[in-house]
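Chemist: Supplied structure: my_file28.cif, mmCIF, C-alpha atoms.
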data_target
#
loop_
_atom_site.label_atom_id
_atom_site.label_comp_id
_atom_site.auth_asym_id
_atom_site.auth_seq_id
_atom_site.Cartn_x
_atom_site.Cartn_y
_atom_site.Cartn_z
CA MET A 1 8.85 -101.84 -129.94
CA ALA A 2 8.73 -98.07 -129.39
CA SER A 3 5.68 -98.41 -127.20
CA LEU A 4 7.40 -101.13 -125.15
CA LEU A 5 10.48 -98.94 -124.61
CA TYR A 6 8.23 -96.04 -123.56
CA TRP A 7 6.44 -98.32 -121.06
CA LEU A 8 9.74 -99.53 -119.60
CA ARG A 9 11.10 -96.01 -119.31
CA GLU A 10 7.94 -94.81 -117.56
CA ARG A 11 7.88 -97.84 -115.31
CA PHE A 12 11.44 -97.58 -114.01
CA THR A 13 12.25 -93.87 -114.24
CA LYS A 14 12.98 -92.49 -110.78
CA VAL A 15 10.17 -90.35 -109.42
CA GLN A 16 11.16 -86.71 -109.50
CA PRO A 17 10.76 -85.00 -106.13
CA LEU A 18 8.46 -82.07 -105.65
CA PRO A 19 10.12 -78.67 -106.07
CA THR A 20 11.70 -77.14 -102.98
CA GLU A 21 9.08 -75.07 -101.21
CA HIS A 22 8.01 -73.71 -97.82
CA LEU A 23 4.37 -74.23 -96.91
CA HIS A 24 2.35 -72.98 -93.96
CA TYR A 25 -1.00 -74.09 -92.59
CA GLN A 26 -2.96 -72.47 -89.78
CA SER A 27 -6.02 -74.12 -88.27
CA PRO A 28 -9.31 -72.32 -88.93
CA PRO A 29 -10.72 -69.96 -86.25
CA GLY A 30 -12.62 -71.91 -83.62
CA ASP A 31 -10.61 -75.10 -83.98
CA GLU A 32 -9.41 -76.45 -80.62
CA PRO A 33 -6.60 -76.65 -80.09
CA ALA A 34 -5.39 -74.03 -82.53
CA TYR A 35 -2.27 -75.18 -84.34
CA ARG A 36 0.20 -74.34 -87.08
CA LEU A 37 2.16 -76.51 -89.45
CA HIS A 38 5.24 -75.53 -91.45
CA LEU A 39 6.64 -77.80 -94.14
CA ARG A 40 10.03 -77.52 -95.81
CA LEU A 41 10.49 -79.57 -98.96
CA ASN A 42 14.15 -80.31 -99.64
CA LYS A 43 15.93 -80.83 -102.95
CA ASP A 44 16.09 -84.59 -102.47
CA GLY A 45 12.32 -84.80 -101.91
CA SER A 46 12.51 -85.28 -98.15
CA GLY A 47 10.91 -82.78 -95.83
CA LEU A 48 10.75 -81.30 -92.36
CA LEU A 49 7.30 -80.93 -90.83
CA ILE A 50 7.29 -78.51 -87.91
CA VAL A 51 4.27 -78.72 -85.60
CA ASN A 52 3.58 -75.57 -83.59
CA ALA A 53 7.24 -74.54 -83.93
CA ALA A 54 8.06 -77.26 -81.39
CA THR A 55 7.92 -80.80 -82.77
CA VAL A 56 10.17 -81.42 -85.78
CA LEU A 57 9.47 -84.51 -87.89
CA HIS A 58 11.79 -85.81 -90.59
CA LEU A 59 9.77 -87.07 -93.57
CA ASN A 60 10.92 -89.34 -96.37
CA PRO A 61 9.91 -88.23 -99.90
CA THR A 62 6.62 -90.14 -99.85
CA ALA A 63 5.60 -88.80 -96.44
CA ALA A 64 6.68 -85.31 -97.53
CA GLU A 65 4.24 -85.55 -100.43
CA TYR A 66 1.49 -86.69 -98.07
CA ALA A 67 2.21 -83.61 -95.94
CA TYR A 68 2.22 -81.40 -99.04
CA HIS A 69 -1.25 -82.51 -100.13
CA MET A 70 -2.57 -82.40 -96.57
CA MET A 71 -1.46 -78.78 -96.19
CA LYS A 72 -2.75 -77.86 -99.64
CA GLY A 73 -6.17 -79.26 -98.70
CA THR A 74 -6.16 -81.74 -101.59
CA PRO A 75 -9.28 -83.98 -101.41
CA PRO A 76 -8.16 -87.48 -100.32
CA GLN A 77 -9.42 -89.13 -103.52
CA ASP A 78 -7.47 -86.65 -105.66
CA ALA A 79 -4.36 -87.13 -103.54
CA ALA A 80 -4.69 -90.91 -103.87
CA LYS A 81 -4.98 -90.56 -107.64
CA ALA A 82 -1.78 -88.49 -107.77
CA PHE A 83 0.11 -90.94 -105.53
CA SER A 84 -1.12 -93.92 -107.52
CA LYS A 85 0.19 -92.43 -110.75
CA ARG A 86 3.54 -91.26 -109.35
CA TYR A 87 4.37 -94.37 -107.32
CA ARG A 88 2.48 -97.02 -109.33
CA VAL A 89 0.45 -98.37 -106.43
CA SER A 90 -3.26 -99.00 -106.31
CA ARG A 91 -5.54 -96.09 -105.46
CA ASP A 92 -6.90 -98.00 -102.50
CA THR A 93 -3.40 -98.44 -101.07
CA ALA A 94 -2.52 -94.79 -101.75
CA LEU A 95 -5.75 -93.59 -100.14
CA ARG A 96 -5.26 -95.80 -97.09
CA ASP A 97 -1.66 -94.61 -96.59
CA PHE A 98 -2.58 -90.95 -97.05
CA MET A 99 -5.46 -91.15 -94.56
CA ASP A 100 -3.24 -92.98 -92.07
CA PHE A 101 -0.62 -90.23 -92.36
CA ARG A 102 -3.20 -87.48 -91.92
CA ASP A 103 -4.75 -89.23 -88.91
CA ARG A 104 -1.36 -89.63 -87.22
CA ILE A 105 -0.60 -85.92 -87.65
CA GLN A 106 -3.98 -85.02 -86.18
CA THR A 107 -3.33 -87.34 -83.24
CA LEU A 108 0.00 -85.63 -82.65
CA ILE A 109 -1.65 -82.20 -82.74
CA HIS A 110 -4.51 -83.05 -80.42
CA THR A 111 -2.68 -85.20 -77.85
CA PRO A 112 -0.55 -83.16 -75.42
CA ASP A 113 2.98 -84.43 -74.74
CA LEU A 114 2.62 -87.36 -77.12
CA ASP A 115 5.93 -88.89 -78.18
CA PRO A 116 5.70 -89.12 -81.99
CA VAL A 117 8.37 -91.84 -82.12
CA THR A 118 6.91 -94.22 -79.54
CA PHE A 119 3.23 -93.81 -80.33
CA LEU A 120 3.04 -92.82 -84.00
CA ASP A 121 6.11 -94.38 -85.64
CA PHE A 122 7.38 -90.98 -86.78
CA GLU A 123 11.04 -90.13 -86.85
CA ARG A 124 11.37 -87.16 -84.55
CA VAL A 125 14.75 -85.50 -85.01
CA ALA A 126 16.91 -83.27 -82.89
CA PRO A 127 17.10 -80.19 -85.14
CA HIS A 128 20.83 -79.72 -84.56
CA SER A 129 21.47 -83.23 -85.86
CA GLN A 130 20.11 -82.45 -89.33
CA THR A 131 21.28 -80.33 -92.23
CA LEU A 132 18.88 -77.39 -92.28
CA THR A 133 18.35 -74.92 -95.09
CA ALA A 134 17.39 -72.23 -92.56
CA PRO A 135 17.07 -71.89 -88.78
CA LEU A 136 13.86 -72.89 -87.06
CA ARG A 137 13.77 -69.71 -84.97
CA LEU A 138 14.92 -66.10 -85.17
CA ASP A 139 15.47 -64.23 -81.90
CA CYS A 140 14.96 -60.53 -82.57
CA ALA A 141 16.34 -58.18 -79.92
CA LEU A 142 14.24 -55.14 -80.75
CA THR A 143 16.00 -52.96 -78.19
CA TYR A 144 18.59 -53.13 -75.45
CA ARG A 145 16.72 -50.49 -73.47
CA LEU A 146 15.54 -51.52 -70.01
CA PRO A 147 13.10 -50.13 -67.44
CA GLY A 148 14.62 -47.23 -65.53
CA ASP A 149 15.13 -49.15 -62.28
CA THR A 150 16.96 -52.08 -63.91
CA GLN A 151 20.70 -52.60 -63.50
CA ALA A 152 22.62 -51.56 -66.59
CA GLU A 153 24.51 -54.85 -66.93
CA TYR A 154 21.24 -56.63 -67.75
CA ALA A 155 21.65 -55.67 -71.39
CA PRO A 156 24.66 -54.65 -73.53
CA VAL A 157 23.33 -51.18 -74.31
CA LYS A 158 26.75 -49.99 -75.49
CA ARG A 159 26.97 -52.64 -78.21
CA VAL A 160 24.70 -50.82 -80.66
CA ASP A 161 24.49 -47.17 -81.64
CA ARG A 162 20.98 -47.25 -83.07
CA GLU A 163 17.77 -49.25 -83.19
CA LEU A 164 16.18 -50.39 -86.42
CA SER A 165 12.98 -48.70 -87.50
CA THR A 166 9.65 -50.48 -87.73
CA GLU A 167 10.00 -50.83 -91.50
CA GLU A 168 13.53 -52.20 -91.19
CA TRP A 169 12.34 -54.87 -88.74
CA LYS A 170 9.53 -55.74 -91.13
CA SER A 171 12.05 -56.23 -93.92
CA ILE A 172 13.98 -58.62 -91.66
CA LEU A 173 10.78 -60.59 -91.02
CA ASP A 174 10.15 -60.65 -94.79
CA LYS A 175 13.63 -62.04 -95.43
CA ALA A 176 13.28 -64.61 -92.63
CA TRP A 177 9.95 -65.83 -93.98
CA LEU A 178 11.28 -65.96 -97.54
CA HIS A 179 13.96 -68.40 -96.40
CA GLY A 180 11.54 -70.56 -94.44
CA ILE A 181 12.05 -69.50 -90.80
CA PRO A 182 8.73 -70.36 -89.11
CA HIS A 183 9.26 -68.95 -85.61
CA VAL A 184 10.27 -65.53 -84.30
CA THR A 185 10.83 -64.47 -80.71
CA PHE A 186 10.85 -60.78 -79.83
CA THR A 187 13.33 -60.11 -77.07
CA GLY A 188 15.70 -57.45 -75.77
CA GLY A 189 16.43 -55.63 -73.43
CA GLU A 190 12.76 -55.18 -72.68
CA PRO A 191 10.82 -55.37 -75.97
CA THR A 192 7.63 -53.85 -74.53
CA LEU A 193 9.51 -50.53 -74.44
CA ARG A 194 9.16 -50.46 -78.24
CA GLU A 195 5.87 -48.78 -79.12
CA ASP A 196 5.74 -50.73 -82.37
CA LEU A 197 5.89 -54.15 -80.67
CA PRO A 198 2.17 -54.92 -81.28
CA GLU A 199 2.57 -53.87 -84.92
CA LEU A 200 5.60 -56.12 -85.43
CA ILE A 201 3.91 -59.12 -83.79
CA ALA A 202 0.83 -58.61 -85.96
CA TYR A 203 3.04 -58.36 -89.06
CA ALA A 204 4.83 -61.62 -88.25
CA GLU A 205 1.53 -63.36 -87.52
CA ALA A 206 -0.02 -62.14 -90.76
CA LYS A 207 2.87 -63.74 -92.66
CA GLY A 208 2.24 -67.06 -90.93
CA MET A 209 5.09 -67.02 -88.43
CA VAL A 210 4.71 -68.38 -84.92
CA SER A 211 5.57 -65.45 -82.66
CA GLY A 212 6.77 -65.34 -79.08
CA LEU A 213 7.65 -62.61 -76.62
CA LEU A 214 10.36 -62.67 -73.96
CA THR A 215 9.47 -60.03 -71.36
CA ASP A 216 9.60 -59.16 -67.69
CA GLY A 217 5.83 -58.94 -68.04
CA LEU A 218 5.36 -55.87 -65.90
CA LYS A 219 3.72 -53.87 -68.67
CA LEU A 220 1.38 -56.79 -69.30
CA ALA A 221 -0.21 -56.14 -65.92
CA ASP A 222 -1.94 -53.28 -67.76
CA ARG A 223 -5.10 -55.01 -68.96
CA ASP A 224 -5.51 -52.79 -72.04
CA TYR A 225 -1.93 -53.40 -73.16
CA LEU A 226 -2.21 -57.13 -72.59
CA ASN A 227 -5.40 -57.25 -74.66
CA THR A 228 -3.65 -55.32 -77.43
CA LEU A 229 -0.90 -57.94 -77.59
CA LEU A 230 -3.37 -60.81 -77.47
CA GLN A 231 -5.30 -59.33 -80.38
CA THR A 232 -2.15 -59.35 -82.53
CA GLY A 233 -2.24 -63.15 -82.53
CA LEU A 234 0.79 -63.55 -80.25
CA ASP A 235 1.37 -67.29 -79.78
CA HIS A 236 3.35 -67.56 -76.58
CA ILE A 237 5.01 -65.58 -73.80
CA LEU A 238 8.30 -66.33 -72.10
CA PHE A 239 7.79 -64.56 -68.78
CA ILE A 240 10.93 -63.52 -66.87
CA LEU A 241 9.99 -64.10 -63.24
CA GLN A 242 11.49 -61.82 -60.61
CA PRO A 243 10.64 -63.98 -57.60
CA ASP A 244 11.35 -61.32 -54.99
CA GLU A 245 9.15 -58.70 -56.66
CA SER A 246 5.42 -58.64 -55.86
CA ALA A 247 4.75 -56.74 -59.10
CA SER A 248 6.22 -59.65 -61.07
CA TRP A 249 3.87 -62.14 -59.41
CA LYS A 250 0.94 -59.79 -59.92
CA ALA A 251 1.71 -59.53 -63.64
CA LEU A 252 1.96 -63.31 -63.95
CA GLU A 253 -1.36 -63.73 -62.15
CA SER A 254 -3.00 -61.43 -64.70
CA ILE A 255 -1.51 -63.30 -67.68
CA MET A 256 -2.12 -66.92 -66.69
CA PRO A 257 -5.94 -66.93 -67.09
CA GLU A 258 -5.62 -65.71 -70.68
CA ASP A 259 -5.78 -68.04 -73.66
CA ILE A 260 -2.06 -67.99 -74.45
CA PHE A 261 0.80 -70.39 -73.80
CA VAL A 262 3.15 -69.16 -71.07
CA THR A 263 6.60 -70.41 -70.14
CA VAL A 264 8.11 -68.91 -66.99
CA HIS A 265 11.84 -68.28 -66.96
CA PHE A 266 13.42 -68.63 -63.52
CA THR A 267 17.07 -67.83 -62.86
CA VAL A 268 18.54 -69.44 -59.76
CA THR A 269 20.92 -67.08 -57.94
CA PRO A 270 22.73 -67.28 -54.59
CA LYS A 271 20.19 -64.76 -53.32
CA ASN A 272 17.04 -66.74 -54.18
CA ALA A 273 18.34 -70.34 -54.12
CA ASN A 274 16.96 -71.16 -50.67
CA LYS A 275 13.50 -69.89 -51.65
CA ALA A 276 13.39 -71.34 -55.16
CA GLY A 277 11.45 -74.43 -54.13
CA LYS A 278 8.63 -72.35 -52.68
CA ALA A 279 8.59 -70.26 -55.84
CA LEU A 280 8.05 -73.42 -57.92
CA GLU A 281 5.18 -74.44 -55.64
CA LYS A 282 3.64 -71.02 -56.17
CA LEU A 283 4.01 -71.38 -59.94
CA ALA A 284 2.24 -74.73 -59.80
CA LYS A 285 -0.67 -73.16 -57.90
CA LEU A 286 -0.95 -70.58 -60.69
CA GLU A 287 -1.18 -73.55 -63.11
CA VAL A 288 2.10 -72.78 -64.83
CA LYS A 289 2.89 -75.86 -66.95
CA SER A 290 6.14 -74.83 -68.64
CA LEU A 291 9.41 -73.68 -67.06
CA SER A 292 12.71 -72.41 -68.44
CA LEU A 293 15.32 -72.87 -65.73
CA SER A 294 18.83 -71.45 -65.58
CA ALA A 295 21.47 -70.77 -62.96
CA ALA A 296 23.78 -67.84 -62.36
CA ASP A 297 26.90 -69.99 -61.96
CA ALA A 298 28.15 -73.55 -61.66
CA SER A 299 28.08 -73.50 -57.85
CA LEU A 300 24.28 -73.76 -58.07
CA LYS A 301 24.31 -76.94 -60.14
CA ASP A 302 23.02 -79.15 -57.32
CA VAL A 303 20.25 -76.69 -56.47
CA THR A 304 19.24 -76.53 -60.10
CA GLN A 305 19.09 -80.32 -60.36
CA SER A 306 16.89 -80.46 -57.27
CA LEU A 307 14.56 -77.90 -58.83
CA ARG A 308 14.38 -79.98 -62.01
CA ASP A 309 13.23 -82.95 -59.95
CA GLN A 310 10.71 -80.80 -58.08
CA ALA A 311 9.34 -79.40 -61.34
CA ALA A 312 8.77 -82.95 -62.59
CA GLU A 313 6.89 -83.82 -59.39
CA LEU A 314 4.75 -80.71 -59.86
CA GLN A 315 4.07 -81.75 -63.48
CA ILE A 316 5.80 -78.68 -64.86
CA THR A 317 7.58 -79.32 -68.17
CA LEU A 318 11.14 -78.02 -68.50
CA ARG A 319 12.14 -76.16 -71.69
CA TRP A 320 15.82 -75.94 -72.60
CA ASP A 321 15.93 -74.49 -76.11
CA LEU A 322 14.35 -71.08 -75.49
CA PRO A 323 16.10 -67.71 -75.35
CA VAL A 324 16.97 -66.43 -71.89
CA PRO A 325 17.12 -62.86 -70.52
CA TYR A 326 20.24 -61.03 -71.62
CA SER A 327 22.19 -60.26 -68.43
CA ALA A 328 25.29 -61.00 -66.44
CA GLU A 329 23.32 -63.66 -64.58
CA ASN A 330 22.04 -65.28 -67.78
CA PRO A 331 24.96 -66.10 -70.08
CA VAL A 332 24.08 -67.80 -73.31
CA ALA A 333 24.88 -71.22 -71.86
CA SER A 334 23.13 -70.66 -68.54
CA GLU A 335 20.70 -73.51 -69.14
CA VAL A 336 23.53 -76.03 -68.84
CA VAL A 337 25.48 -74.07 -66.24
CA ASP A 338 28.78 -74.10 -68.10
CA ASP A 339 30.58 -72.02 -70.69
CA ALA A 340 29.75 -74.13 -73.73
CA VAL A 341 27.70 -72.58 -76.53
CA PRO A 342 24.37 -74.42 -76.96
CA GLU A 343 24.48 -76.98 -79.75
CA GLY A 344 21.76 -75.32 -81.80
CA ALA A 345 23.34 -71.86 -81.82
CA GLY A 346 23.82 -70.51 -85.32
CA LYS A 347 22.03 -73.50 -86.80
CA VAL A 348 18.64 -74.03 -85.18
CA TRP A 349 18.32 -70.37 -84.24
CA LEU A 350 19.97 -67.04 -85.00
CA TYR A 351 20.04 -63.88 -82.88
CA VAL A 352 19.54 -60.41 -84.37
CA GLU A 353 20.74 -57.38 -82.43
CA PRO A 354 18.85 -54.05 -82.35
CA ASP A 355 20.97 -52.68 -85.22
CA GLY A 356 20.48 -55.76 -87.43
CA ASP A 357 23.78 -57.53 -86.73
CA VAL A 358 23.42 -61.31 -86.67
CA LEU A 359 25.03 -63.54 -84.04
CA PRO A 360 24.93 -67.35 -83.77
CA ALA A 361 23.28 -66.83 -80.38
CA GLN A 362 22.79 -64.22 -77.71
CA GLY A 363 26.07 -63.28 -76.08
CA GLU A 364 28.27 -64.35 -79.00
CA ALA A 365 29.25 -60.75 -79.75
CA ASP A 366 32.68 -61.73 -81.07
CA LYS A 367 31.10 -63.87 -83.82
CA VAL A 368 29.09 -61.39 -85.87
CA LEU A 369 27.96 -63.23 -89.03
CA GLY A 370 26.89 -60.10 -90.85
CA ASN A 371 23.96 -57.72 -90.92
CA PHE A 372 20.46 -58.94 -91.78
CA LEU A 373 19.67 -55.82 -93.79
CA LYS A 374 22.95 -55.50 -95.67
CA ASP A 375 24.34 -58.98 -96.26
CA PRO A 376 23.10 -61.87 -98.45
CA TRP A 377 21.50 -64.89 -96.83
CA GLU A 378 24.43 -67.13 -97.80
CA THR A 379 26.69 -64.98 -95.63
CA LEU A 380 24.40 -65.09 -92.61
CA TYR A 381 23.61 -68.79 -92.61
CA ARG A 382 25.58 -71.83 -93.66
CA ALA A 383 23.82 -75.19 -93.36
#
How would this structure read if it were set down as structure tokens?
Modeler:
Amino acid sequence: MASLLYWLRERFTKVQPLPTEHLHYQSPPGDEPAYRLHLRLNKDGSGLLIVNAATVLHLNPTAAEYAYHMMKGTPPQDAAKAFSKRYRVSRDTALRDFMDFRDRIQTLIHTPDLDPVTFLDFERVAPHSQTLTAPLRLDCALTYRLPGDTQAEYAPVKRVDRELSTEEWKSILDKAWLHGIPHVTFTGGEPTLREDLPELIAYAEAKGMVSGLLTDGLKLADRDYLNTLLQTGLDHILFILQPDESASWKALESIMPEDIFVTVHFTVTPKNANKAGKALEKLAKLEVKSLSLSAADASLKDVTQSLRDQAAELQITLRWDLPVPYSAENPVASEVVDDAVPEGAGKVWLYVEPDGDVLPAQGEADKVLGNFLKDPWETLYRA
């Protein structure tokens, strides 16, 4: 009788989920395309799989375990054995399901612009619609300093009385990684004015974070400096286009041939609105494939919509969830040309000022959540 009770208990006891954990996988050197995966395992056994800090997949507990073993490099036969024991299915079924999952992830990685819902039967989620244990991105304003010829209102230089040191920024990156934030964007001001920018990018990359840079790009026209940044492992550049400046176009021309993903940020203003269409055509000729578009005010809404349509015709993908330059012409909600705070602010991303203060998003200076160096995580982020 005892053996029968033991068998019944084993047979019908609910499978315990894997422990909560954050896992990172980076493709080996030479793999094309290069890619990164981040997996968050939740308390209930479900998971979030983040592909290249862009595509977010919601995984049920079984799929989360498939992802866990895939990222751990578990041999398929061993993974099937573990699944068979935990879920009481045949090894053949477990192996077939595991291989199917792995193949679908590889298809997603290697097929540009593939819709994971339509083609692969994955549940792609809008990050702001889910309960997250940590943001998906941290925007780090390393400095509010600007090039000498830039108008002062393009950054709130009077908001902070000091800049964090290199070591203090590293401690922020440590804390972000500890809590499972996979993506960091270095912004400002103009972040290339910080001499330690290459060091901080390399530090984030070494931890496994996907790193981006929001910059006017002018310093990147210096070939030696550009190569220095590329050697850090920088993943992507958000290039702030100044369409009336020849130096801005020259810098972009020097960046585009490099093996790095570039999104161009274009702000529509009353001054450049009538020439914006030609600027988009010029971007297409430079083979720019990604565009972040914003407008200075609501009066330009129709122009902005026309540019969206033109970008689609030119096969340029629009990006709406990226940080924008900090200026009077780029309020935090400039992407939608209204005064509403973006839905992901304070949840999908956080913004860190040069002194370590944390805001839900850029421009939300009246909503300081705390200081990244001084305050506990529970104060800074509430799911």
Chemist: Starting from the displayed file, determine the output of the PyMOL selection byres ((chain A and resi 286) around 10) and express the residue list as a list in words.
Modeler: Trp249, Leu252, Glu253, Met256, Pro257, Leu280, Glu281, Lys282, Leu283, Ala284, Lys285, Glu287, Val288 and Lys289 of chain A
Chemist: For A:Leu178, which residue among A:Leu108, A:Leu23, A:Leu226, A:Gly363 is the nearest when counting all atoms listed in the file?
Modeler: A:Leu23
Chemist: For A:Leu146, which residue among A:Gly45, A:Pro270, A:Gly356, A:Pro325 is the nearest when counting only C-alpha atoms?
Modeler: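 Going through A:Gly45, A:Pro270, A:Gly356, A:Pro325 one by one, the smallest distance to A:Leu146 is for A:Pro325.
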Chemist: Taking all atoms listed in the file into account, which of A:His24, A:Lys374, A:Arg40, A:Arg88 comes nearest A:Glu65?
Modeler: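 The shortest atom-to-atom distance to A:Glu65 comes from A:Arg40.
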Chemist: Can you tell me how far atom CA of A:Tyr351 sits from atom CA of A:Ala141, in Å to one decimal?
Modeler: 7.4 Å
Chemist: Calculate how many Å separate atom CA of A:Glu258 from atom CA of A:Leu230, rounding to one decimal.
Modeler: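 Distance reported for this atom pair: 8.7 Å.
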Chemist: Work out how far apart atom CA of A:Leu307 and atom CA of A:Ala273 are and give it in Å to one decimal.
Modeler: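 For atom CA of A:Leu307 relative to atom CA of A:Ala273, the distance reads 9.7 Å.
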Chemist: Please report, as JSON, the centre and edge lengths in Å to one decimal of an axis-aligned box covering all listed atoms of stretch 98-112 of chain A with 8 Å per side.
Modeler:
{"center_x": -2.7, "center_y": -87.6, "center_z": -86.2, "size_x": 21.5, "size_y": 26.8, "size_z": 37.6}
Chemist: Please return as a short mmCIF file (atom, residue, chain, number, x, y, z; two decimals) with C-alpha atoms, keeping the file's coordinate frame every residue within 7 Å of (19.0, -68.4, -84.4), taking into account all atoms listed in the file and the file's own coordinates.
Modeler:
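As a result, result_18.cif now contains:
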data_model
loop_
_atom_site.label_atom_id
_atom_site.label_comp_id
_atom_site.auth_asym_id
_atom_site.auth_seq_id
_atom_site.Cartn_x
_atom_site.Cartn_y
_atom_site.Cartn_z
CA PRO A 135 17.07 -71.89 -88.78
CA ARG A 137 13.77 -69.71 -84.97
CA LEU A 138 14.92 -66.10 -85.17
CA ASP A 139 15.47 -64.23 -81.90
CA ALA A 345 23.34 -71.86 -81.82
CA GLY A 346 23.82 -70.51 -85.32
CA LYS A 347 22.03 -73.50 -86.80
CA VAL A 348 18.64 -74.03 -85.18
CA TRP A 349 18.32 -70.37 -84.24
CA LEU A 350 19.97 -67.04 -85.00
CA TYR A 351 20.04 -63.88 -82.88
CA PRO A 360 24.93 -67.35 -83.77
CA ALA A 361 23.28 -66.83 -80.38
#
Chemist: Given the file shown, determine the residues that the PyMOL selection byres ((chain A and resi 184-186) around 9) selects; report them as a ChimeraX atom specification.
Modeler: /A:136-142,173,176,181-183,187-188,191,197,200-201,204,209-215,323
Chemist: Between A:Ile240, A:Met70, A:Leu359, A:Val303, which is the closest to A:Leu291 once you count all atoms listed in the file?
Modeler: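 Checking each of A:Ile240, A:Met70, A:Leu359, A:Val303 against A:Leu291, counting all atoms listed in the file, the winner is A:Ile240.
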Chemist: How would you write, as a list of chain:residue names, the residues chosen by the PyMOL selection byres ((chain A and resi 90-99) around 7) on this structure?
Modeler: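 That expression, the PyMOL selection byres ((chain A and resi 90-99) around 7), corresponds here to A:Tyr66, A:Pro76, A:Gln77, A:Ala80, A:Lys81, A:Phe83, A:Ser84, A:Arg88, A:Val89, A:Asp100, A:Phe101, A:Arg102, A:Asp103.
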Chemist: Using all atoms listed in the file, which of the listed residues (A:Lys85, A:Lys271, A:His265, A:Lys207) sits closest to A:Gly233?
Modeler: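 Ranking A:Lys85, A:Lys271, A:His265, A:Lys207 by distance to A:Gly233, first place goes to A:Lys207.
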Chemist: Tell me which of A:Lys43, A:His110, A:Arg162, A:Arg36 sits closest to A:Glu21, counting only C-alpha atoms.
Modeler: A:Lys43
